[in-house]
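Shown next: work_38.txt, given as compact mmCIF, C-alpha atoms and all ligand atoms.
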```txt
# COMPACT_ATOMS: atom_id res chain seq x y z
CA MET A 1 -19.46 23.63 12.24
CA ASN A 2 -22.52 21.41 11.95
CA ALA A 3 -22.81 17.62 11.90
CA LYS A 4 -22.16 17.63 8.16
CA GLY A 5 -18.72 19.17 8.74
CA ARG A 6 -19.21 22.57 7.09
CA GLN A 7 -16.36 24.75 8.26
CA GLN A 8 -16.15 28.45 8.98
CA PRO A 9 -12.67 29.37 7.76
CA SER A 10 -10.22 30.66 10.37
CA ASN A 11 -7.23 32.92 9.91
CA HIS A 12 -5.07 31.12 12.44
CA GLY A 13 -1.67 29.71 11.57
CA LEU A 14 -1.27 25.99 11.01
CA GLY A 15 0.33 25.30 14.41
CA THR A 16 -2.66 26.93 16.15
CA LYS A 17 -5.20 25.13 13.97
CA ALA A 18 -3.49 21.80 14.67
CA VAL A 19 -3.96 22.25 18.42
CA HIS A 20 -7.40 23.90 18.50
CA ALA A 21 -9.44 23.33 15.31
CA GLY A 22 -12.37 21.03 16.02
CA GLN A 23 -11.09 20.52 19.57
CA PRO A 24 -12.58 23.20 21.85
CA VAL A 25 -12.63 22.77 25.64
CA ASP A 26 -15.57 20.44 26.40
CA ALA A 27 -18.55 22.68 27.23
CA ALA A 28 -20.16 20.14 29.59
CA THR A 29 -17.13 19.30 31.76
CA GLY A 30 -14.30 21.71 30.97
CA ALA A 31 -12.13 18.78 29.81
CA VAL A 32 -9.20 20.07 27.77
CA THR A 33 -8.99 16.83 25.79
CA LEU A 34 -11.97 15.91 23.67
CA PRO A 35 -14.20 13.07 24.95
CA ILE A 36 -14.47 9.89 22.86
CA HIS A 37 -18.12 9.39 21.93
CA LEU A 38 -18.50 5.63 21.67
CA SER A 39 -22.29 5.73 21.48
CA THR A 40 -23.58 4.04 18.34
CA THR A 41 -26.99 5.69 18.58
CA PHE A 42 -28.37 9.04 19.73
CA ALA A 43 -31.70 9.94 21.34
CA HIS A 44 -34.57 11.43 19.37
CA HIS A 45 -36.60 13.44 21.85
CA PRO A 46 -39.28 14.51 21.33
CA LEU A 47 -40.01 12.41 18.23
CA GLY A 48 -38.59 14.14 15.16
CA THR A 49 -35.95 16.09 17.15
CA THR A 50 -32.25 15.19 17.37
CA ARG A 51 -29.15 17.10 18.52
CA GLY A 52 -27.46 16.63 15.17
CA TYR A 53 -26.66 12.93 15.47
CA GLU A 54 -28.75 9.79 14.96
CA TYR A 55 -26.50 6.80 14.33
CA SER A 56 -22.69 6.68 14.38
CA ARG A 57 -22.16 5.45 10.81
CA SER A 58 -24.04 8.53 9.60
CA GLY A 59 -22.41 10.95 12.04
CA ASN A 60 -20.49 10.86 15.32
CA PRO A 61 -19.29 13.81 17.46
CA THR A 62 -15.67 12.56 17.73
CA ARG A 63 -15.56 12.03 13.97
CA ALA A 64 -17.12 15.46 13.36
CA ALA A 65 -14.31 16.99 15.47
CA LEU A 66 -11.69 15.19 13.36
CA GLU A 67 -13.40 16.26 10.14
CA ALA A 68 -13.44 19.88 11.33
CA SER A 69 -9.77 19.72 12.28
CA LEU A 70 -8.70 18.23 8.94
CA ALA A 71 -10.81 20.73 6.99
CA GLU A 72 -9.16 23.65 8.80
CA LEU A 73 -5.68 22.25 8.17
CA GLU A 74 -6.38 21.98 4.43
CA CYS A 75 -8.19 25.36 4.25
CA ALA A 76 -11.30 23.44 3.18
CA ARG A 77 -14.98 23.95 3.92
CA TYR A 78 -15.75 20.24 4.13
CA GLY A 79 -13.93 17.27 5.68
CA ILE A 80 -15.10 13.67 5.38
CA ALA A 81 -13.24 10.95 7.33
CA PHE A 82 -12.87 7.29 6.32
CA SER A 83 -11.55 4.09 7.87
CA SER A 84 -8.43 4.05 5.65
CA GLY A 85 -6.74 6.06 2.93
CA LEU A 86 -7.90 3.53 0.36
CA ALA A 87 -11.49 3.81 1.58
CA ALA A 88 -11.24 7.58 0.95
CA ILE A 89 -9.73 6.99 -2.51
CA THR A 90 -12.51 4.49 -3.26
CA ALA A 91 -15.17 7.09 -2.41
CA VAL A 92 -13.55 9.57 -4.83
CA ALA A 93 -13.26 6.88 -7.51
CA MET A 94 -17.02 6.30 -7.11
CA LEU A 95 -17.55 9.85 -8.42
CA ALA A 96 -16.33 8.70 -11.84
CA PRO A 97 -19.32 7.84 -14.06
CA GLU A 98 -19.44 4.26 -15.32
CA GLY A 99 -17.45 3.95 -18.54
CA SER A 100 -15.47 7.15 -18.00
CA HIS A 101 -11.72 7.71 -18.21
CA VAL A 102 -9.23 8.55 -15.45
CA VAL A 103 -5.75 10.03 -15.90
CA LEU A 104 -3.38 8.85 -13.18
CA GLU A 105 0.05 10.23 -12.41
CA LYS A 106 2.53 7.50 -13.40
CA ASP A 107 4.25 7.46 -10.01
CA VAL A 108 1.36 7.00 -7.58
CA TYR A 109 0.93 4.70 -4.61
CA GLY A 110 0.65 1.11 -5.93
CA GLY A 111 -2.68 0.58 -4.15
CA THR A 112 -4.25 3.53 -5.99
CA TRP A 113 -3.13 2.10 -9.31
CA ARG A 114 -4.47 -1.34 -8.30
CA LEU A 115 -7.84 0.10 -7.24
CA PHE A 116 -8.43 1.85 -10.57
CA SER A 117 -6.95 -0.85 -12.80
CA GLU A 118 -8.24 -3.96 -11.04
CA VAL A 119 -11.46 -2.90 -9.29
CA PHE A 120 -12.96 0.09 -11.09
CA SER A 121 -12.03 -1.38 -14.49
CA ARG A 122 -14.95 -3.77 -13.83
CA TYR A 123 -17.27 -0.77 -14.09
CA GLY A 124 -15.82 0.22 -17.43
CA ILE A 125 -13.43 2.84 -16.05
CA THR A 126 -10.30 3.10 -18.20
CA ILE A 127 -7.02 4.64 -17.09
CA THR A 128 -4.08 6.34 -18.73
CA THR A 129 -0.92 6.97 -16.74
CA VAL A 130 1.27 9.99 -17.48
CA ASP A 131 4.23 11.81 -16.01
CA MET A 132 2.46 14.97 -14.87
CA ARG A 133 5.71 16.92 -14.65
CA ASN A 134 4.99 17.49 -18.35
CA PRO A 135 1.65 19.34 -18.59
CA GLY A 136 1.67 18.72 -22.36
CA ASP A 137 1.56 14.95 -21.78
CA LEU A 138 -1.36 15.40 -19.40
CA ALA A 139 -3.28 17.55 -21.88
CA ALA A 140 -2.65 14.97 -24.61
CA ALA A 141 -3.95 12.12 -22.43
CA ILE A 142 -7.31 13.79 -21.76
CA THR A 143 -10.29 12.53 -23.74
CA LYS A 144 -13.95 13.61 -23.98
CA SER A 145 -14.79 11.10 -21.24
CA THR A 146 -12.04 12.01 -18.76
CA SER A 147 -13.76 12.41 -15.39
CA ILE A 148 -10.85 12.44 -12.90
CA ILE A 149 -7.22 13.53 -12.93
CA TRP A 150 -5.46 11.86 -10.00
CA LEU A 151 -2.03 12.78 -8.71
CA GLU A 152 0.31 12.84 -5.76
CA SER A 153 3.00 15.48 -5.33
CA PRO A 154 5.62 14.67 -4.23
CA THR A 155 5.05 11.40 -6.06
CA ASN A 156 5.52 7.97 -4.55
CA PRO A 157 8.23 6.65 -4.40
CA LEU A 158 10.30 8.89 -6.73
CA LEU A 159 9.29 12.20 -5.11
CA HIS A 160 8.78 14.13 -8.33
CA VAL A 161 7.22 17.55 -7.78
CA ILE A 162 4.24 18.46 -9.94
CA ASP A 163 2.91 21.92 -10.70
CA LEU A 164 -0.53 21.70 -9.05
CA ALA A 165 -1.78 24.99 -10.51
CA SER A 166 -1.00 23.89 -14.11
CA VAL A 167 -2.67 20.50 -13.59
CA SER A 168 -5.70 22.21 -12.04
CA ARG A 169 -6.00 24.60 -15.01
CA ILE A 170 -5.90 21.68 -17.44
CA GLY A 171 -8.47 19.79 -15.36
CA ARG A 172 -10.83 22.76 -15.19
CA ALA A 173 -10.66 23.30 -18.94
CA ALA A 174 -11.49 19.60 -19.48
CA HIS A 175 -14.32 19.61 -16.86
CA ALA A 176 -12.47 16.83 -15.03
CA LEU A 177 -12.09 16.64 -11.25
CA VAL A 178 -8.53 17.23 -10.07
CA CYS A 179 -7.79 15.07 -7.02
CA VAL A 180 -4.53 15.40 -5.12
CA ASP A 181 -3.39 12.75 -2.65
CA ASN A 182 -1.60 15.05 -0.20
CA THR A 183 -0.39 12.28 2.13
CA PHE A 184 3.33 12.87 1.48
CA ALA A 185 3.30 16.68 1.53
CA THR A 186 0.82 17.05 4.44
CA PRO A 187 -1.00 20.36 5.00
CA VAL A 188 2.28 21.70 6.44
CA GLY A 189 3.89 21.26 3.02
CA GLN A 190 1.07 22.41 0.73
CA ASN A 191 -2.68 23.01 0.44
CA PRO A 192 -3.69 21.78 -3.03
CA LEU A 193 -7.21 23.30 -2.86
CA GLN A 194 -5.53 26.70 -2.84
CA SER A 195 -3.75 25.76 -6.08
CA GLY A 196 -7.11 25.00 -7.72
CA ALA A 197 -7.58 21.27 -7.01
CA ASP A 198 -11.18 20.10 -6.45
CA ILE A 199 -10.44 17.36 -3.93
CA VAL A 200 -7.65 16.52 -1.50
CA VAL A 201 -7.23 13.01 -0.13
CA HIS A 202 -5.10 11.82 2.79
CA SER A 203 -4.05 8.51 4.14
CA THR A 204 -4.19 9.81 7.72
CA THR A 205 -2.40 6.58 8.67
CA LYS A 206 0.82 8.41 7.78
CA PHE A 207 2.02 11.86 8.88
CA LEU A 208 -1.32 13.08 10.26
CA GLY A 209 -1.58 10.20 12.75
CA GLY A 210 2.19 10.22 13.05
CA HIS A 211 2.64 7.38 15.57
CA SER A 212 2.09 4.13 13.58
CA ASP A 213 -0.97 3.32 15.66
CA VAL A 214 -4.02 4.21 13.56
CA VAL A 215 -5.24 3.51 10.00
CA GLY A 216 -7.45 6.21 8.51
CA GLY A 217 -8.29 8.35 5.51
CA ALA A 218 -9.93 11.66 4.67
CA ILE A 219 -11.33 13.75 1.83
CA LEU A 220 -11.35 17.56 1.84
CA THR A 221 -13.13 19.83 -0.59
CA ASN A 222 -14.58 23.31 -0.94
CA ARG A 223 -17.35 22.25 -3.32
CA PRO A 224 -20.74 21.73 -1.65
CA ASP A 225 -21.97 19.45 -4.47
CA LEU A 226 -18.98 17.12 -4.04
CA ALA A 227 -19.21 17.23 -0.24
CA GLU A 228 -22.87 16.24 -0.36
CA ARG A 229 -22.19 13.29 -2.66
CA LEU A 230 -19.13 12.18 -0.64
CA HIS A 231 -21.07 12.36 2.64
CA PHE A 232 -23.73 10.22 0.97
CA LEU A 233 -21.05 7.69 -0.12
CA GLN A 234 -19.47 7.71 3.35
CA ASN A 235 -22.80 6.70 4.88
CA ALA A 236 -24.01 4.48 2.03
CA THR A 237 -20.80 2.42 1.76
CA GLY A 238 -20.03 2.58 5.49
CA ALA A 239 -16.20 2.70 5.62
CA VAL A 240 -16.16 5.03 8.66
CA PRO A 241 -13.39 5.32 11.26
CA SER A 242 -14.10 4.31 14.88
CA PRO A 243 -14.42 7.11 17.47
CA PHE A 244 -11.22 5.90 19.15
CA ASP A 245 -9.33 6.08 15.83
CA CYS A 246 -10.68 9.62 15.34
CA TRP A 247 -9.44 10.57 18.80
CA LEU A 248 -5.98 9.07 18.14
CA LEU A 249 -5.79 11.14 14.97
CA LEU A 250 -6.85 14.31 16.77
CA ARG A 251 -4.10 13.71 19.32
CA GLY A 252 -1.50 13.06 16.62
CA ILE A 253 -2.52 16.18 14.69
CA LYS A 254 -1.72 18.45 17.66
CA THR A 255 2.01 17.92 17.06
CA LEU A 256 1.80 17.76 13.25
CA GLU A 257 3.69 20.95 12.49
CA LEU A 258 6.50 20.26 14.98
CA ARG A 259 6.96 16.74 13.67
CA ILE A 260 6.94 17.70 9.99
CA LEU A 261 9.43 20.54 10.41
CA ARG A 262 11.82 18.20 12.26
CA GLN A 263 11.31 15.29 9.85
CA SER A 264 11.76 17.51 6.81
CA SER A 265 14.95 19.13 8.10
CA THR A 266 16.45 15.71 8.98
CA ALA A 267 15.41 14.29 5.59
CA GLU A 268 17.23 17.16 3.86
CA LYS A 269 20.41 16.32 5.79
CA ILE A 270 20.06 12.64 4.92
CA ALA A 271 19.54 13.47 1.23
CA ALA A 272 22.71 15.60 1.29
CA PHE A 273 24.66 12.74 2.92
CA LEU A 274 23.40 10.21 0.36
CA VAL A 275 24.20 12.48 -2.62
CA ASP A 276 27.86 12.41 -1.57
CA HIS A 277 28.02 8.65 -0.99
CA PRO A 278 29.76 6.71 -3.79
CA ALA A 279 27.59 3.58 -3.31
CA VAL A 280 24.47 5.66 -4.05
CA SER A 281 23.71 6.14 -7.74
CA ALA A 282 20.73 8.49 -7.40
CA VAL A 283 18.91 10.42 -4.68
CA HIS A 284 15.29 11.51 -5.07
CA TYR A 285 14.21 14.42 -2.88
CA PRO A 286 12.04 17.53 -3.51
CA THR A 287 14.79 20.14 -3.29
CA LYS A 288 14.02 23.86 -3.25
CA GLU A 289 15.11 24.07 -6.88
CA LEU A 290 12.63 21.35 -7.93
CA ARG A 291 9.86 22.89 -5.85
CA THR A 292 10.39 26.33 -7.38
CA ALA A 293 10.51 24.89 -10.90
CA ALA A 294 7.12 23.24 -10.21
CA GLY A 295 5.44 26.53 -9.28
CA GLY A 296 6.39 26.74 -5.60
CA ALA A 297 3.19 25.31 -4.08
CA LEU A 298 5.24 22.79 -2.09
CA ARG A 299 6.76 24.74 0.79
CA LEU A 300 9.16 22.07 2.10
CA GLY A 301 10.84 18.86 1.03
CA GLY A 302 9.09 16.62 3.57
CA GLY A 303 10.08 13.54 5.51
CA VAL A 304 10.54 10.99 2.71
CA VAL A 305 13.79 10.38 0.81
CA SER A 306 14.34 7.72 -1.86
CA PHE A 307 17.69 6.59 -3.22
CA GLU A 308 19.18 3.97 -5.47
CA VAL A 309 21.99 1.49 -4.99
CA ALA A 310 23.49 -0.83 -7.61
CA ASN A 311 20.99 -3.69 -7.57
CA ARG A 312 18.59 -5.79 -5.51
CA SER A 313 21.27 -7.68 -3.56
CA THR A 314 22.95 -4.44 -2.47
CA ALA A 315 19.54 -3.03 -1.47
CA GLU A 316 18.75 -6.22 0.44
CA ALA A 317 22.09 -6.25 2.30
CA LEU A 318 21.65 -2.60 3.22
CA LEU A 319 18.06 -2.99 4.43
CA ASN A 320 18.96 -6.06 6.49
CA HIS A 321 21.72 -4.17 8.30
CA LEU A 322 19.85 -1.04 9.31
CA GLU A 323 19.48 -0.78 13.07
CA LEU A 324 17.54 2.44 13.78
CA PHE A 325 15.47 2.39 10.59
CA THR A 326 12.89 -0.42 10.83
CA LEU A 327 12.38 -2.37 7.61
CA ALA A 328 8.63 -1.86 7.21
CA GLU A 329 5.97 -0.46 4.87
CA SER A 330 4.20 2.80 5.67
CA LEU A 331 5.68 6.19 6.45
CA GLY A 332 5.19 9.42 8.31
CA ALA A 333 5.54 8.32 11.92
CA VAL A 334 7.93 9.37 14.68
CA GLU A 335 10.13 6.33 14.13
CA SER A 336 12.22 6.01 10.96
CA LEU A 337 11.34 3.28 8.46
CA ALA A 338 13.01 1.94 5.33
CA GLU A 339 11.40 -0.13 2.59
CA HIS A 340 11.99 -1.69 -0.83
CA PRO A 341 9.23 -0.39 -3.15
CA ALA A 342 9.76 -3.05 -5.86
CA SER A 343 8.96 -5.91 -3.46
CA MET A 344 6.84 -4.10 -0.88
CA THR A 345 4.65 -0.99 -1.41
CA HIS A 346 4.70 -1.14 -5.24
CA ALA A 347 4.73 -4.93 -5.69
CA SER A 348 1.13 -4.82 -6.97
CA ILE A 349 2.32 -2.95 -10.10
CA PRO A 350 3.37 -5.37 -12.89
CA GLU A 351 7.16 -5.66 -13.11
CA LYS A 352 7.40 -4.22 -16.64
CA THR A 353 5.34 -1.13 -15.73
CA ARG A 354 7.31 -0.71 -12.51
CA ARG A 355 10.61 -0.72 -14.37
CA THR A 356 9.35 1.68 -17.06
CA ASN A 357 8.19 3.98 -14.25
CA GLY A 358 11.70 4.03 -12.75
CA ILE A 359 11.10 1.80 -9.72
CA THR A 360 14.35 -0.14 -9.95
CA ASP A 361 15.32 -3.16 -7.83
CA GLY A 362 17.98 -1.00 -6.14
CA LEU A 363 15.48 1.67 -5.05
CA ILE A 364 15.02 2.21 -1.31
CA ARG A 365 12.48 4.57 0.29
CA LEU A 366 13.16 6.07 3.70
CA SER A 367 10.55 7.57 5.99
CA VAL A 368 12.48 9.85 8.30
CA GLY A 369 11.32 10.02 11.91
CA ILE A 370 12.14 12.43 14.72
CA GLU A 371 15.28 10.70 16.03
CA ASP A 372 18.60 12.53 16.22
CA PRO A 373 19.71 13.27 12.62
CA ASP A 374 23.34 12.27 13.30
CA ASP A 375 22.24 8.86 14.61
CA LEU A 376 20.16 8.22 11.50
CA ILE A 377 23.03 9.21 9.21
CA SER A 378 25.45 6.93 11.14
CA ASP A 379 22.98 4.07 10.79
CA LEU A 380 22.80 4.55 7.01
CA GLU A 381 26.60 4.85 6.81
CA GLN A 382 27.21 1.54 8.59
CA ALA A 383 24.49 -0.25 6.57
CA LEU A 384 25.93 1.06 3.29
CA GLU A 385 29.34 -0.21 4.36
CA HIS A 386 27.89 -3.67 5.19
CA ALA A 387 26.14 -3.75 1.83
CA ARG A 388 29.40 -2.87 0.11
CA SER A 389 31.33 -5.70 1.78
CA ALA A 390 28.45 -8.20 1.43
CA THR A 391 28.20 -7.59 -2.33
CA GLY A 392 31.93 -7.30 -2.97
CA GLN A 393 31.88 -3.68 -4.15
CA PRO A 394 35.08 -1.65 -3.78
CA SER A 395 35.34 0.30 -0.52
CA HIS A 396 34.73 4.01 -0.76
CA ALA A 397 35.90 4.65 2.78
CA VAL A 398 37.84 7.88 3.01
CA HIS A 399 38.87 7.60 6.64
C1 LIG B 401 0.24 8.18 -0.83
C2 LIG B 401 -0.66 7.13 -0.28
N1 LIG B 401 -1.98 7.26 -0.45
C3 LIG B 401 -2.85 6.35 0.03
C4 LIG B 401 -2.41 5.24 0.73
C5 LIG B 401 -3.40 4.24 1.25
O1 LIG B 401 -3.69 4.54 2.57
P1 LIG B 401 -4.12 3.47 3.68
O2 LIG B 401 -2.99 2.51 3.83
O3 LIG B 401 -4.40 4.31 4.88
O4 LIG B 401 -5.34 2.78 3.16
C6 LIG B 401 -1.05 5.07 0.94
C7 LIG B 401 -0.56 3.89 1.70
O5 LIG B 401 0.61 3.65 1.82
C8 LIG B 401 -0.15 6.04 0.43
O6 LIG B 401 1.17 5.93 0.60
```
Please express the file's structure as structure tokens.
Amino acid sequence: MNAKGRQQPSNHGLGTKAVHAGQPVDAATGAVTLPIHLSTTFAHHPLGTTRGYEYSRSGNPTRAALEASLAELECARYGIAFSSGLAAITAVAMLAPEGSHVVLEKDVYGGTWRLFSEVFSRYGITITTVDMRNPGDLAAAITKSTSIIWLESPTNPLLHVIDLASVSRIGRAAHALVCVDNTFATPVGQNPLQSGADIVVHSTTKFLGGHSDVVGGAILTNRPDLAERLHFLQNATGAVPSPFDCWLLLRGIKTLELRILRQSSTAEKIAAFLVDHPAVSAVHYPTKELRTAAGGALRLGGGVVSFEVANRSTAEALLNHLELFTLAESLGAVESLAEHPASMTHASIPEKTRRTNGITDGLIRLSVGIEDPDDLISDLEQALEHARSATGQPSHAVH
């Protein structure tokens, strides 16, 4: 690896990469944990000679280690780290030529929609949203000026699974960049570059950090031309993560695979419990059947489950009575969270669009942590019962 983050691919498994990639034993001291390089500037000596670093916005050894680790996890040659997921998304959006067109998956993170529709629209960028489960709809939305196809899979918050290889084929034929926000799936769940995507983005704030204590973002790609431009944008726009944030991420990443396997298996159990609950009208979860139907790139269901109850007041009563699940935005950490997309994460989407997209007032999104699965299910059971009595719905109790 050099200071620009170019990776030599390794054949190690993901659990091994998570512990070792970018994080060798420190050559100077033998320290097993990577040092945090707080220095903002680096010596030139003699004049005209550096050791790969000059100034920490342009490059920093702790950030380079994170970038190498993330690149390995996503089977990418280049990793570029940012101060937040949205800063990473902004850098990708800056690749779209002025006046060009972007196709967005209908069910993306509200902040992504807001960025394209309320910020980049000022530079003449137009957007069309489509349900990318139907490749025909995507193909029909593409125009001569389409520069980017942007998707998440599983989608947010409805957890639809999209066939990444089909979308990538359509993107390639249209000479449009295919960008996959892989925050929900994580590299444990899928590696979109291997399905033909050009760019992968992460909000590392979520599963990669995993402990609700760091905000960050990253871009991964195999294309040297894109990596060069994105490195330029990273330095020119300056939204870089601090060395301490990079170190926190590197520490979180070491347990990534263990956490995701546990979170995904608990989420599956929770989804099965909710499917059988009479107060729940719909459960959204990437089951094996859905994953296979979408081409099989997604290897596991992941740690997020969404479900619907009758209406907003039932959702509110339920959320207010959860004890182990904290009512909070965000996802992917060791502690379980619950949130109400219509009034929280997706509130920036106009109400009419939100409803058309299926984000009902009774929709609840759970981020499943690493607690005991039975405790989490009991917590949901008692909160559903409270919601039932608070909103006067008939009891479903079978006991
Ligand atoms: C899928 C997805 N992508 C991107 C983001 C934005 O990331 P950040 O909050 O780190 O800026 C979020 C935030 O919730 C998200 O859920």
**Message:** Hey, which residues sit close to ligand LIG 401 (chain B)? Say within 7 Å, counting all atoms listed in the file, and write them as a ChimeraX atom specification.
**Reply:** /A:84-87,108-109,111-112,152,156,181,183-184,202-205,215-217,330,345
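Among the candidates A:Glu118, A:Glu323, A:Asp213, A:Asp374, the one nearest to A:Leu337 when counting all atoms listed in the file is A:Glu323.
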**Request:** Please identify all polymer residues within 9 Å of A:Val188, counting only C-alpha atoms, omitting same-chain residues fewer than 5 positions from it, and present them as a list in words.
**Result:**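 My list of contacting residues is Leu14, Gly15, Leu73, Glu74, Leu256, Glu257, Ile260, Leu261, Arg299, Leu300 and Gly302 of chain A.
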Would you write out those residues with C-alpha atoms, as an mmCIF file, in the frame of the given file?
```cif
data_model
loop_
_atom_site.group_PDB
_atom_site.id
_atom_site.type_symbol
_atom_site.label_atom_id
_atom_site.label_comp_id
_atom_site.auth_asym_id
_atom_site.auth_seq_id
_atom_site.Cartn_x
_atom_site.Cartn_y
_atom_site.Cartn_z
ATOM 1 C CA LEU A 14 -1.270 25.990 11.010
ATOM 2 C CA GLY A 15 0.330 25.300 14.410
ATOM 3 C CA LEU A 73 -5.680 22.250 8.170
ATOM 4 C CA GLU A 74 -6.380 21.980 4.430
ATOM 5 C CA LEU A 256 1.800 17.760 13.250
ATOM 6 C CA GLU A 257 3.690 20.950 12.490
ATOM 7 C CA ILE A 260 6.940 17.700 9.990
ATOM 8 C CA LEU A 261 9.430 20.540 10.410
ATOM 9 C CA ARG A 299 6.760 24.740 0.790
ATOM 10 C CA LEU A 300 9.160 22.070 2.100
ATOM 11 C CA GLY A 302 9.090 16.620 3.570
#
```
Contacts between stretch 36-45 of chain A and stretch 195-268 of chain A, please, where a residue of stretch 195-268 of chain A counts if it comes within 10 Å (with all atoms listed in the file); show its shortest atom pair and distance in Å to one decimal, rows by chain and ascending number, as JSON lines.
```
{"residue": "A:Ser242", "atom": "CA", "partner": "A:Leu38", "partner_atom": "CA", "distance": 8.2}
{"residue": "A:Pro243", "atom": "CA", "partner": "A:Leu38", "partner_atom": "CA", "distance": 6.0}
{"residue": "A:Phe244", "atom": "CA", "partner": "A:Ile36", "partner_atom": "CA", "distance": 6.3}
{"residue": "A:Asp245", "atom": "CA", "partner": "A:Ile36", "partner_atom": "CA", "distance": 9.5}
{"residue": "A:Cys246", "atom": "CA", "partner": "A:Ile36", "partner_atom": "CA", "distance": 8.4}
{"residue": "A:Trp247", "atom": "CA", "partner": "A:Ile36", "partner_atom": "CA", "distance": 6.5}
{"residue": "A:Leu248", "atom": "CA", "partner": "A:Ile36", "partner_atom": "CA", "distance": 9.7}
```
What does the file look like for those residues with C-alpha atoms, as a PDB file, keeping the file's coordinate frame?
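again_30.pdb was written with the following content:
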```pdb
ATOM      1  CA  SER A 242     -14.100   4.310  14.880  1.00  0.00           C
ATOM      2  CA  PRO A 243     -14.420   7.110  17.470  1.00  0.00           C
ATOM      3  CA  PHE A 244     -11.220   5.900  19.150  1.00  0.00           C
ATOM      4  CA  ASP A 245      -9.330   6.080  15.830  1.00  0.00           C
ATOM      5  CA  CYS A 246     -10.680   9.620  15.340  1.00  0.00           C
ATOM      6  CA  TRP A 247      -9.440  10.570  18.800  1.00  0.00           C
ATOM      7  CA  LEU A 248      -5.980   9.070  18.140  1.00  0.00           C
TER       8      LEU A 248
END
```
**Asked** To one decimal place, how far is atom CA of A:Pro192 from atom CA of A:Gly59 in Å?
**Response**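 Separation of atom CA of A:Pro192 and atom CA of A:Gly59: 26.4 Å.
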Nearby residues (all atoms listed in the file) at most 12 Å from A:Ala64, same-chain spacing under 5 positions excluded, as a compact mmCIF listing (two decimals) with C-alpha atoms, in the coordinates of the input:
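See out-v2.txt below for the written result:
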```
# COMPACT_ATOMS: atom_id res chain seq x y z
CA MET A 1 -19.46 23.63 12.24
CA ASN A 2 -22.52 21.41 11.95
CA ALA A 3 -22.81 17.62 11.90
CA LYS A 4 -22.16 17.63 8.16
CA GLY A 5 -18.72 19.17 8.74
CA ARG A 6 -19.21 22.57 7.09
CA GLN A 7 -16.36 24.75 8.26
CA ALA A 21 -9.44 23.33 15.31
CA GLY A 22 -12.37 21.03 16.02
CA GLN A 23 -11.09 20.52 19.57
CA LEU A 34 -11.97 15.91 23.67
CA ILE A 36 -14.47 9.89 22.86
CA HIS A 37 -18.12 9.39 21.93
CA GLY A 52 -27.46 16.63 15.17
CA TYR A 53 -26.66 12.93 15.47
CA SER A 56 -22.69 6.68 14.38
CA ARG A 57 -22.16 5.45 10.81
CA SER A 58 -24.04 8.53 9.60
CA GLY A 59 -22.41 10.95 12.04
CA SER A 69 -9.77 19.72 12.28
CA LEU A 70 -8.70 18.23 8.94
CA ALA A 71 -10.81 20.73 6.99
CA TYR A 78 -15.75 20.24 4.13
CA GLY A 79 -13.93 17.27 5.68
CA ILE A 80 -15.10 13.67 5.38
CA ALA A 81 -13.24 10.95 7.33
CA PHE A 82 -12.87 7.29 6.32
CA ALA A 218 -9.93 11.66 4.67
CA HIS A 231 -21.07 12.36 2.64
CA VAL A 240 -16.16 5.03 8.66
CA PRO A 241 -13.39 5.32 11.26
CA SER A 242 -14.10 4.31 14.88
CA PRO A 243 -14.42 7.11 17.47
CA CYS A 246 -10.68 9.62 15.34
CA TRP A 247 -9.44 10.57 18.80
CA LEU A 250 -6.85 14.31 16.77
```
**Message:** Please list as number ranges by chain every residue within 7 Å of A:Leu322, counting only C-alpha atoms and excluding residues in the same chain fewer than 6 positions away.
**Reply:** A: 379-380, 383
**Prompt:** How many Å separate atom CA of A:Ala96 from atom CA of A:Ser117?
**Reply:** 13.4 Å
**Message:** With all atoms listed in the file as the counted atoms, please give the residues lying no more than 10 Å from A:Tyr123, apart from itself and same-chain residues fewer than 3 positions off, as a ChimeraX atom specification.
**Reply:** /A:94,96-100,116,119-120,126
**Request:** Grab the atom CA of A:Phe325 to atom CA of A:Ser343 distance for me, in Å with one decimal place.
**Result:**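 Computing the Euclidean distance for atom CA of A:Phe325 and atom CA of A:Ser343 yields 17.6 Å.
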**Prompt:** Nearest to A:Ser348 among A:Val103, A:His20, A:Ser336, A:Leu115, with distances taken over all atoms listed in the file: which residue is it?
**Reply:** A:Leu115
**Request:** Identify the residues within 6 Å of coordinate (10.5, -2.8, 7.7) (same frame as the file), considering only C-alpha atoms, and give the answer as number ranges by chain.
**Result:** A: 326-329, 338-339
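When all atoms listed in the file are used to compute distances to A:Ala68, the closest of the residues A:Ile219, A:Leu164, A:Leu331, A:Leu193 turns out to be A:Ile219.
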**Asked** Taking all atoms listed in the file into account, which of A:Gly392, A:Pro224, A:Pro157, A:Gly296 comes nearest A:Asn191?
**Response**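 Once distances to A:Asn191 are computed over all atoms listed in the file, the minimum belongs to A:Gly296.
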**Request:** Using all atoms listed in the file, pick whichever of A:Ile142, A:Lys206, A:Pro46, A:His340 has the shortest atom-to-atom distance to A:Ala176.
**Result:**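 For A:Ala176, the nearest of the candidates is A:Ile142.
Take the candidates A:Asp225, A:Glu335, A:Glu351, A:Glu105 and check each one against A:Asn134 using all atoms listed in the file; the shortest distance goes to A:Glu105.
Using only C-alpha atoms, the protein and nucleic acid residues lying no more than 10 Å from A:Thr129, apart from those fewer than 6 places from it along its own chain, are Val102, Val103, Leu104, Glu105, Lys106, Asp107, Val108, Trp113, Asp137, Leu138, Ala141, Ile149, Trp150, Leu151 and Asn357 of chain A.
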